[in-house]
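Dumped final_4.pdb below, it's PDB, C-alpha atoms and all ligand atoms:
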ATOM      1  CA  MET T  13     125.580 130.713 111.480  1.00  0.00           C
ATOM      2  CA  THR T  14     122.711 128.404 110.978  1.00  0.00           C
ATOM      3  CA  ALA T  15     120.229 128.518 108.166  1.00  0.00           C
ATOM      4  CA  ALA T  16     117.547 126.901 110.289  1.00  0.00           C
ATOM      5  CA  ALA T  17     114.355 128.867 110.481  1.00  0.00           C
ATOM      6  CA  ALA T  18     112.654 129.663 113.770  1.00  0.00           C
ATOM      7  CA  THR T  19     109.432 127.918 112.770  1.00  0.00           C
ATOM      8  CA  THR T  20     108.806 124.323 113.685  1.00  0.00           C
ATOM      9  CA  THR T  21     108.552 123.320 110.060  1.00  0.00           C
ATOM     10  CA  THR T  22     111.202 124.258 107.575  1.00  0.00           C
ATOM     11  CA  GLU T  23     110.678 123.952 103.869  1.00  0.00           C
ATOM     12  CA  SER T  24     113.615 124.190 101.609  1.00  0.00           C
ATOM     13  CA  ALA T  25     113.171 126.158  98.442  1.00  0.00           C
ATOM     14  CA  SER T  26     115.432 123.979  96.376  1.00  0.00           C
ATOM     15  CA  VAL T  27     114.290 120.869  94.624  1.00  0.00           C
ATOM     16  CA  ILE T  28     115.473 117.621  96.157  1.00  0.00           C
ATOM     17  CA  LEU T  29     116.445 114.728  93.940  1.00  0.00           C
ATOM     18  CA  PRO T  30     115.956 111.015  94.640  1.00  0.00           C
ATOM     19  CA  GLY T  31     118.787 109.694  96.800  1.00  0.00           C
ATOM     20  CA  ASP T  32     119.591 113.093  98.307  1.00  0.00           C
ATOM     21  CA  GLY T  33     120.224 112.966 102.025  1.00  0.00           C
ATOM     22  CA  ILE T  34     117.818 115.302 103.812  1.00  0.00           C
ATOM     23  CA  ALA T  35     118.442 114.577 107.503  1.00  0.00           C
ATOM     24  CA  SER T  36     120.416 112.378 109.861  1.00  0.00           C
ATOM     25  CA  ILE T  37     118.526 109.359 111.171  1.00  0.00           C
ATOM     26  CA  GLU T  38     119.871 110.141 114.632  1.00  0.00           C
ATOM     27  CA  GLU T  39     117.695 113.236 114.617  1.00  0.00           C
ATOM     28  CA  TYR T  40     114.836 112.455 112.250  1.00  0.00           C
ATOM     29  CA  GLU T  41     112.588 109.614 111.227  1.00  0.00           C
ATOM     30  CA  ALA T  42     111.970 108.834 107.572  1.00  0.00           C
ATOM     31  CA  GLY T  43     108.567 110.248 106.570  1.00  0.00           C
ATOM     32  CA  ALA T  44     106.578 110.275 103.343  1.00  0.00           C
ATOM     33  CA  ASN T  45     108.492 109.680 100.132  1.00  0.00           C
ATOM     34  CA  THR T  46     111.745 108.932 101.927  1.00  0.00           C
ATOM     35  CA  PHE T  47     113.739 105.979 103.147  1.00  0.00           C
ATOM     36  CA  ASP T  48     116.660 105.669 105.515  1.00  0.00           C
ATOM     37  CA  ASP T  49     119.917 104.027 104.557  1.00  0.00           C
ATOM     38  CA  GLY T  50     121.079 103.427 108.099  1.00  0.00           C
ATOM     39  CA  ASP T  51     122.711 106.820 108.276  1.00  0.00           C
ATOM     40  CA  MET T  52     120.674 109.406 106.424  1.00  0.00           C
ATOM     41  CA  VAL T  53     117.023 109.934 105.637  1.00  0.00           C
ATOM     42  CA  ARG T  54     117.018 110.109 101.850  1.00  0.00           C
ATOM     43  CA  ALA T  55     114.534 111.273  99.274  1.00  0.00           C
ATOM     44  CA  ALA T  56     112.807 108.532  97.306  1.00  0.00           C
ATOM     45  CA  THR T  57     111.416 111.005  94.804  1.00  0.00           C
ATOM     46  CA  VAL T  58     111.823 114.506  93.464  1.00  0.00           C
ATOM     47  CA  GLY T  59     110.115 117.084  95.638  1.00  0.00           C
ATOM     48  CA  GLU T  60     110.348 119.616  98.389  1.00  0.00           C
ATOM     49  CA  LYS T  61     112.049 118.883 101.689  1.00  0.00           C
ATOM     50  CA  ILE T  62     109.860 119.066 104.802  1.00  0.00           C
ATOM     51  CA  ILE T  63     111.647 118.928 108.135  1.00  0.00           C
ATOM     52  CA  ASP T  64     109.188 118.774 111.018  1.00  0.00           C
ATOM     53  CA  ARG T  65     111.015 119.721 114.181  1.00  0.00           C
ATOM     54  CA  GLU T  66     108.072 118.855 116.407  1.00  0.00           C
ATOM     55  CA  THR T  67     107.435 115.300 115.283  1.00  0.00           C
ATOM     56  CA  ARG T  68     111.097 114.802 114.261  1.00  0.00           C
ATOM     57  CA  VAL T  69     110.024 113.526 110.867  1.00  0.00           C
ATOM     58  CA  ALA T  70     111.798 114.384 107.629  1.00  0.00           C
ATOM     59  CA  SER T  71     109.745 113.954 104.481  1.00  0.00           C
ATOM     60  CA  ILE T  72     109.464 115.005 100.878  1.00  0.00           C
ATOM     61  CA  ARG T  73     106.452 116.888  99.613  1.00  0.00           C
ATOM     62  CA  HIS T  74     105.256 115.632  96.282  1.00  0.00           C
ATOM     63  CA  PRO T  75     101.810 115.754  94.667  1.00  0.00           C
ATOM     64  CA  ARG T  76     101.630 112.005  95.073  1.00  0.00           C
ATOM     65  CA  VAL T  77     102.700 109.950  98.039  1.00  0.00           C
ATOM     66  CA  PHE T  78     105.076 107.314  96.829  1.00  0.00           C
ATOM     67  CA  SER T  79     105.141 103.914  98.418  1.00  0.00           C
ATOM     68  CA  VAL T  80     108.667 103.203  99.516  1.00  0.00           C
ATOM     69  CA  PRO T  81     109.425  99.703 100.763  1.00  0.00           C
ATOM     70  CA  ARG T  82     110.964  99.383 104.214  1.00  0.00           C
ATOM     71  CA  LYS T  83     113.248  96.779 105.689  1.00  0.00           C
ATOM     72  CA  GLY T  84     111.399  93.481 106.074  1.00  0.00           C
ATOM     73  CA  ASP T  85     108.705  94.286 103.523  1.00  0.00           C
ATOM     74  CA  ILE T  86     107.883  91.619 100.962  1.00  0.00           C
ATOM     75  CA  VAL T  87     107.721  93.080  97.482  1.00  0.00           C
ATOM     76  CA  ILE T  88     106.724  91.691  94.120  1.00  0.00           C
ATOM     77  CA  GLY T  89     108.300  93.244  91.091  1.00  0.00           C
ATOM     78  CA  THR T  90     109.255  92.883  87.477  1.00  0.00           C
ATOM     79  CA  VAL T  91     112.879  92.305  86.575  1.00  0.00           C
ATOM     80  CA  ALA T  92     114.002  95.388  84.660  1.00  0.00           C
ATOM     81  CA  ALA T  93     117.654  94.568  84.091  1.00  0.00           C
ATOM     82  CA  VAL T  94     119.976  91.644  84.729  1.00  0.00           C
ATOM     83  CA  MET T  95     123.678  92.268  85.282  1.00  0.00           C
ATOM     84  CA  SER T  96     126.464  89.826  86.067  1.00  0.00           C
ATOM     85  CA  SER T  97     126.120  89.898  89.832  1.00  0.00           C
ATOM     86  CA  MET T  98     122.881  91.756  90.458  1.00  0.00           C
ATOM     87  CA  MET T  99     119.532  92.616  89.014  1.00  0.00           C
ATOM     88  CA  ALA T 100     117.246  95.607  89.121  1.00  0.00           C
ATOM     89  CA  ILE T 101     113.589  95.041  89.927  1.00  0.00           C
ATOM     90  CA  ARG T 102     110.763  97.512  89.411  1.00  0.00           C
ATOM     91  CA  ILE T 103     108.497  97.123  92.400  1.00  0.00           C
ATOM     92  CA  ASP T 104     104.815  96.537  91.641  1.00  0.00           C
ATOM     93  CA  TYR T 105     103.503  95.390  95.039  1.00  0.00           C
ATOM     94  CA  ILE T 106     104.593  96.121  98.588  1.00  0.00           C
ATOM     95  CA  ASN T 107     103.241  93.637 101.153  1.00  0.00           C
ATOM     96  CA  GLY T 108     100.530  92.678  98.672  1.00  0.00           C
ATOM     97  CA  LYS T 109      99.406  96.234  97.984  1.00  0.00           C
ATOM     98  CA  PRO T 110      99.839  97.576  94.457  1.00  0.00           C
ATOM     99  CA  THR T 111     102.112 100.563  94.004  1.00  0.00           C
ATOM    100  CA  THR T 112     102.334 102.808  90.993  1.00  0.00           C
ATOM    101  CA  SER T 113     105.451 104.647  92.049  1.00  0.00           C
ATOM    102  CA  LYS T 114     107.705 102.175  90.215  1.00  0.00           C
ATOM    103  CA  VAL T 115     110.474 102.399  92.769  1.00  0.00           C
ATOM    104  CA  GLU T 116     113.333 100.098  91.830  1.00  0.00           C
ATOM    105  CA  CYS T 117     115.396  97.883  94.042  1.00  0.00           C
ATOM    106  CA  ILE T 118     118.599  95.961  93.583  1.00  0.00           C
ATOM    107  CA  CYS T 119     119.082  92.288  94.334  1.00  0.00           C
ATOM    108  CA  SER T 120     122.512  90.723  94.490  1.00  0.00           C
ATOM    109  CA  THR T 121     122.710  87.409  92.644  1.00  0.00           C
ATOM    110  CA  ARG T 122     126.342  86.696  93.425  1.00  0.00           C
ATOM    111  CA  ASN T 123     125.635  83.828  95.823  1.00  0.00           C
ATOM    112  CA  ILE T 124     122.893  82.191  93.803  1.00  0.00           C
ATOM    113  CA  ARG T 125     124.173  79.270  91.803  1.00  0.00           C
ATOM    114  CA  ARG T 126     121.743  79.119  88.904  1.00  0.00           C
ATOM    115  CA  LYS T 127     122.250  79.415  85.183  1.00  0.00           C
ATOM    116  CA  ASN T 128     119.603  82.107  85.077  1.00  0.00           C
ATOM    117  CA  VAL T 129     118.532  83.503  88.406  1.00  0.00           C
ATOM    118  CA  ALA T 130     115.737  85.374  86.655  1.00  0.00           C
ATOM    119  CA  LEU T 131     115.185  86.834  83.224  1.00  0.00           C
ATOM    120  CA  VAL T 132     114.158  90.351  82.292  1.00  0.00           C
ATOM    121  CA  ALA T 133     110.356  90.597  82.612  1.00  0.00           C
ATOM    122  CA  ASP T 134     110.160  87.734  85.101  1.00  0.00           C
ATOM    123  CA  VAL T 135     108.103  88.451  88.195  1.00  0.00           C
ATOM    124  CA  VAL T 136     109.993  87.968  91.423  1.00  0.00           C
ATOM    125  CA  ALA T 137     109.271  88.137  95.142  1.00  0.00           C
ATOM    126  CA  LEU T 138     111.895  89.792  97.328  1.00  0.00           C
ATOM    127  CA  LYS T 139     112.363  90.713 100.928  1.00  0.00           C
ATOM    128  CA  ILE T 140     113.695  94.205 101.472  1.00  0.00           C
ATOM    129  CA  LEU T 141     116.992  94.296 103.346  1.00  0.00           C
ATOM    130  CA  GLY T 142     117.267  98.053 103.578  1.00  0.00           C
ATOM    131  CA  SER T 143     118.889 100.898 101.759  1.00  0.00           C
ATOM    132  CA  LEU T 144     122.493 101.612 101.010  1.00  0.00           C
ATOM    133  CA  ASN T 145     124.027 104.476  99.044  1.00  0.00           C
ATOM    134  CA  GLY T 146     120.717 105.657  97.724  1.00  0.00           C
ATOM    135  CA  ALA T 147     119.542 102.264  96.470  1.00  0.00           C
ATOM    136  CA  ILE T 148     117.026  99.909  98.017  1.00  0.00           C
ATOM    137  CA  HIS T 149     118.324  96.367  98.345  1.00  0.00           C
ATOM    138  CA  GLY T 150     116.367  93.124  98.457  1.00  0.00           C
ATOM    139  CA  THR T 151     117.107  89.441  98.792  1.00  0.00           C
ATOM    140  CA  MET T 152     115.710  86.249  97.261  1.00  0.00           C
ATOM    141  CA  SER T 153     117.213  83.871  99.776  1.00  0.00           C
ATOM    142  CA  ALA T 154     114.187  82.172 101.294  1.00  0.00           C
ATOM    143  CA  PRO T 155     112.062  79.374  99.830  1.00  0.00           C
ATOM    144  CA  GLU T 156     109.099  81.656  99.177  1.00  0.00           C
ATOM    145  CA  LEU T 157     111.279  84.302  97.541  1.00  0.00           C
ATOM    146  CA  GLY T 158     112.521  84.320  93.973  1.00  0.00           C
ATOM    147  CA  VAL T 159     110.821  83.872  90.634  1.00  0.00           C
ATOM    148  CA  VAL T 160     107.038  83.598  90.884  1.00  0.00           C
ATOM    149  CA  PHE T 161     106.312  83.953  87.183  1.00  0.00           C
ATOM    150  CA  THR T 162     108.536  83.233  84.223  1.00  0.00           C
ATOM    151  CA  LYS T 163     108.426  81.936  80.680  1.00  0.00           C
ATOM    152  CA  CYS T 164     110.509  79.687  78.491  1.00  0.00           C
ATOM    153  CA  ARG T 165     113.670  81.411  77.327  1.00  0.00           C
ATOM    154  CA  LYS T 166     113.530  79.593  73.971  1.00  0.00           C
ATOM    155  CA  CYS T 167     109.933  79.869  72.875  1.00  0.00           C
ATOM    156  CA  GLY T 168     108.147  82.024  75.453  1.00  0.00           C
ATOM    157  CA  GLY T 169     105.893  79.133  76.421  1.00  0.00           C
ATOM    158  CA  SER T 170     104.577  78.399  79.892  1.00  0.00           C
ATOM    159  CA  VAL T 171     106.803  76.516  82.259  1.00  0.00           C
ATOM    160  CA  VAL T 172     106.184  74.077  85.087  1.00  0.00           C
ATOM    161  CA  PRO T 173     108.518  73.404  88.000  1.00  0.00           C
ATOM    162  CA  LEU T 174     110.331  70.059  88.091  1.00  0.00           C
ATOM    163  CA  ARG T 175     112.062  69.822  91.461  1.00  0.00           C
ATOM    164  CA  ASP T 176     114.717  72.528  91.204  1.00  0.00           C
ATOM    165  CA  VAL T 177     114.358  73.320  87.517  1.00  0.00           C
ATOM    166  CA  ILE T 178     111.615  74.414  85.167  1.00  0.00           C
ATOM    167  CA  LYS T 179     110.398  72.706  82.026  1.00  0.00           C
ATOM    168  CA  CYS T 180     108.656  74.337  79.100  1.00  0.00           C
ATOM    169  CA  THR T 181     105.241  72.831  78.379  1.00  0.00           C
ATOM    170  CA  GLU T 182     105.598  73.740  74.690  1.00  0.00           C
ATOM    171  CA  CYS T 183     109.142  72.859  73.646  1.00  0.00           C
ATOM    172  CA  SER T 184     110.319  70.882  76.714  1.00  0.00           C
ATOM    173  CA  TRP T 185     113.348  73.169  77.227  1.00  0.00           C
ATOM    174  CA  ILE T 186     114.746  72.714  80.718  1.00  0.00           C
ATOM    175  CA  ASP T 187     116.153  75.732  82.467  1.00  0.00           C
ATOM    176  CA  GLU T 188     117.014  77.056  85.873  1.00  0.00           C
ATOM    177  CA  ARG T 189     115.791  79.964  87.948  1.00  0.00           C
ATOM    178  CA  LYS T 190     115.958  80.900  91.579  1.00  0.00           C
ATOM    179  CA  LEU T 191     112.401  79.731  92.008  1.00  0.00           C
ATOM    180  CA  SER T 192     109.991  80.741  94.687  1.00  0.00           C
ATOM    181  CA  ASN T 193     108.002  77.838  96.101  1.00  0.00           C
ATOM    182  CA  ARG T 194     104.994  79.864  95.044  1.00  0.00           C
ATOM    183  CA  LEU T 195     105.858  79.722  91.346  1.00  0.00           C
ATOM    184  CA  ASN T 196     102.718  80.104  89.247  1.00  0.00           C
ATOM    185  CA  ASN T 197     100.655  80.034  92.431  1.00  0.00           C
ATOM    186  CA  GLY T 198      97.301  81.676  91.812  1.00  0.00           C
ATOM    187  CA  ASP T 199      97.394  82.730  95.431  1.00  0.00           C
ATOM    188  CA  PHE T 200      99.948  85.294  94.622  1.00  0.00           C
ATOM    189  CA  VAL T 201      98.951  88.758  93.545  1.00  0.00           C
ATOM    190  CA  SER T 202      98.441  88.934  89.837  1.00  0.00           C
ATOM    191  CA  PRO T 203     101.772  89.494  88.126  1.00  0.00           C
ATOM    192  CA  GLY T 204     100.380  91.751  85.437  1.00  0.00           C
ATOM    193  CA  PRO T 205      97.724  92.310  82.824  1.00  0.00           C
ATOM    194  CA  ALA T 206      99.220  89.755  80.441  1.00  0.00           C
ATOM    195  CA  ALA T 207      98.900  86.948  82.943  1.00  0.00           C
ATOM    196  CA  THR T 208      95.579  87.631  84.582  1.00  0.00           C
ATOM    197  CA  GLY T 209      92.968  84.952  84.421  1.00  0.00           C
ATOM    198  CA  ALA T 210      94.888  82.858  81.963  1.00  0.00           C
ATOM    199  CA  LYS T 211      93.304  79.427  81.935  1.00  0.00           C
ATOM    200  CA  GLY T 212      94.813  76.623  79.954  1.00  0.00           C
ATOM    201  CA  GLY T 213      97.803  77.415  77.782  1.00  0.00           C
ATOM    202  CA  SER T 214      96.298  78.817  74.627  1.00  0.00           C
ATOM    203  CA  GLY T 215      99.750  79.264  73.168  1.00  0.00           C
ATOM    204  CA  ALA T 216      98.512  82.240  71.194  1.00  0.00           C
ATOM    205  CA  SER T 217     101.451  84.243  69.972  1.00  0.00           C
ATOM    206  CA  GLY T 218     101.938  86.876  67.358  1.00  0.00           C
TER     207      GLY T 218
HETATM  208 ZN    ZN V 301     109.783  76.561  75.248  1.00  0.00          ZN
END

For this file, write the structure as structure tokens.
Ligand SMILES: [Zn+2]
Amino acid sequence: MTAAAATTTTESASVILPGDGIASIEEYEAGANTFDDGDMVRAATVGEKIIDRETRVASIRHPRVFSVPRKGDIVIGTVAAVMSSMMAIRIDYINGKPTTSKVECICSTRNIRRKNVALVADVVALKILGSLNGAIHGTMSAPELGVVFTKCRKCGGSVVPLRDVIKCTECSWIDERKLSNRLNNGDFVSPGPAATGAKGGSGASG
């Protein structure tokens, strides 16, 4: 026996958690607050499951609509954690538009030969590859992708790119990152309140 209701729209009473599969992508499209991992439409946030049998869209009802990046989107985010072969990035912008949902994505760093691909709190640009096992995955492998804002690991000073490396303007420490060719480019969306409108290195530190 099937639990499906006779109405065109079914709402489940139970709370759905992020990563929960709510429908098969063969039958439903990913709607608001969801993403698809190539197999299932999954919840990107806590909420109530909405299965629309007319439009064939599966979504999650939540007081706020979360912005969930899709395959091919360019995102800008802040590195939240760095592990041996991957990093977690909290997404701040999707295709140039700010998002407050703070969705995280994972970026593999296994194939990037750099001493430090990126440091925690660096701002990076990624291209979204898609979703797998409940996590959104991105890549840095294109010239415009990678670190767009970083600081000196030794003294926290500003850095300038020197070919493939970066050099601190304060202490001259040379380091490596997987740099975007748009490093420190004012063209890019502002990386955060701390870096907005900074003109000339004041070097002010606590
Ligand atoms: Zn320095």

Check your understanding: Taking into account all atoms listed in the file, which residue in the set T:Gly168, T:Gly43, T:Gly31, T:Gly59 is nearest to T:Arg76?
Key -> T:Gly59

**Study point:** Between atom CA of T:Ser26 and atom CA of T:Asp64 - distance in Å to one decimal
**Key:** 16.7 Å

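Remark: for T:Cys180, the closest of the candidate residues T:Thr90, T:Asn107, T:Thr162, T:Thr46 is T:Thr162 (distances computed over all atoms listed in the file).
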
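Checking T:Val53, T:Val159, T:Cys167, T:Val115 one by one against ligand ZN 301 (chain V), counting only C-alpha atoms and all ligand atoms, you find the shortest gap at T:Cys167.
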
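The residue that comes closest to T:Val132, out of T:Glu116, T:Lys163, T:Asn145, T:Thr151 and on the basis of only C-alpha atoms, is T:Lys163.
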
Review point. In Å, how far is it from atom CA of T:Pro173 to atom CA of T:Thr111?
Key: 28.5 Å

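The residues returned by the PyMOL selection byres (((not hetatm)) within 8 of (chain V and resi 301)) for this structure are Lys163, Cys164, Arg165, Lys166, Cys167, Gly168, Gly169, Ser170, Val171, Lys179, Cys180, Thr181, Glu182, Cys183, Ser184 and Trp185 of chain T.
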
Exercise for review: Mind listing whatever residues come within 10 Å of the point (115.9, 101.8, 88.6)? Use only C-alpha atoms, file coordinates, and give them as number ranges by chain.
Suggested key: T: 92-93, 99-103, 114-118, 147-148

Ground truth for the PyMOL selection byres (((chain T and resi 57) around 9) and not hetatm), written as a PDB file with C-alpha atoms, in the coordinates of the input:
ATOM      1  CA  ILE T  28     115.473 117.621  96.157  1.00  0.00           C
ATOM      2  CA  LEU T  29     116.445 114.728  93.940  1.00  0.00           C
ATOM      3  CA  PRO T  30     115.956 111.015  94.640  1.00  0.00           C
ATOM      4  CA  GLY T  31     118.787 109.694  96.800  1.00  0.00           C
ATOM      5  CA  ASN T  45     108.492 109.680 100.132  1.00  0.00           C
ATOM      6  CA  THR T  46     111.745 108.932 101.927  1.00  0.00           C
ATOM      7  CA  ALA T  55     114.534 111.273  99.274  1.00  0.00           C
ATOM      8  CA  ALA T  56     112.807 108.532  97.306  1.00  0.00           C
ATOM      9  CA  VAL T  58     111.823 114.506  93.464  1.00  0.00           C
ATOM     10  CA  GLY T  59     110.115 117.084  95.638  1.00  0.00           C
ATOM     11  CA  ILE T  72     109.464 115.005 100.878  1.00  0.00           C
ATOM     12  CA  HIS T  74     105.256 115.632  96.282  1.00  0.00           C
ATOM     13  CA  PHE T  78     105.076 107.314  96.829  1.00  0.00           C
ATOM     14  CA  VAL T 115     110.474 102.399  92.769  1.00  0.00           C
TER      15      VAL T 115
END

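For stretch 83-89 of chain T, the list of residues within 7 Å, based on all atoms listed in the file and with local chain neighbours fewer than 6 positions off taken out, reads Ile101, Arg102, Ile103, Asp104, Tyr105, Ile106, Asn107, Val135, Val136, Ala137, Leu138, Lys139, Ile140, Leu141 and Gly142 of chain T.
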
**Study point:** Expected selection from the PyMOL selection byres (((chain T and resi 37) around 6) and not hetatm), given as a VMD selection string
**Key:** chain T and resid 36 38 to 41 51 to 53

**Study point:** Length of the atom CA of T:Pro110 to atom CA of T:Lys61 vector [Å]
**Key:** 25.6 Å

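In this comparison, which uses all atoms listed in the file, the residue of T:Val172, T:Ile178, T:Phe47, T:Ala154 approaching T:Asn197 most closely is T:Val172.
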
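Between T:His149 and the candidates T:Asp48, T:Glu60, T:Asp32, T:Asp187, the tightest atom-to-atom separation, counting all atoms listed in the file, involves T:Asp48.
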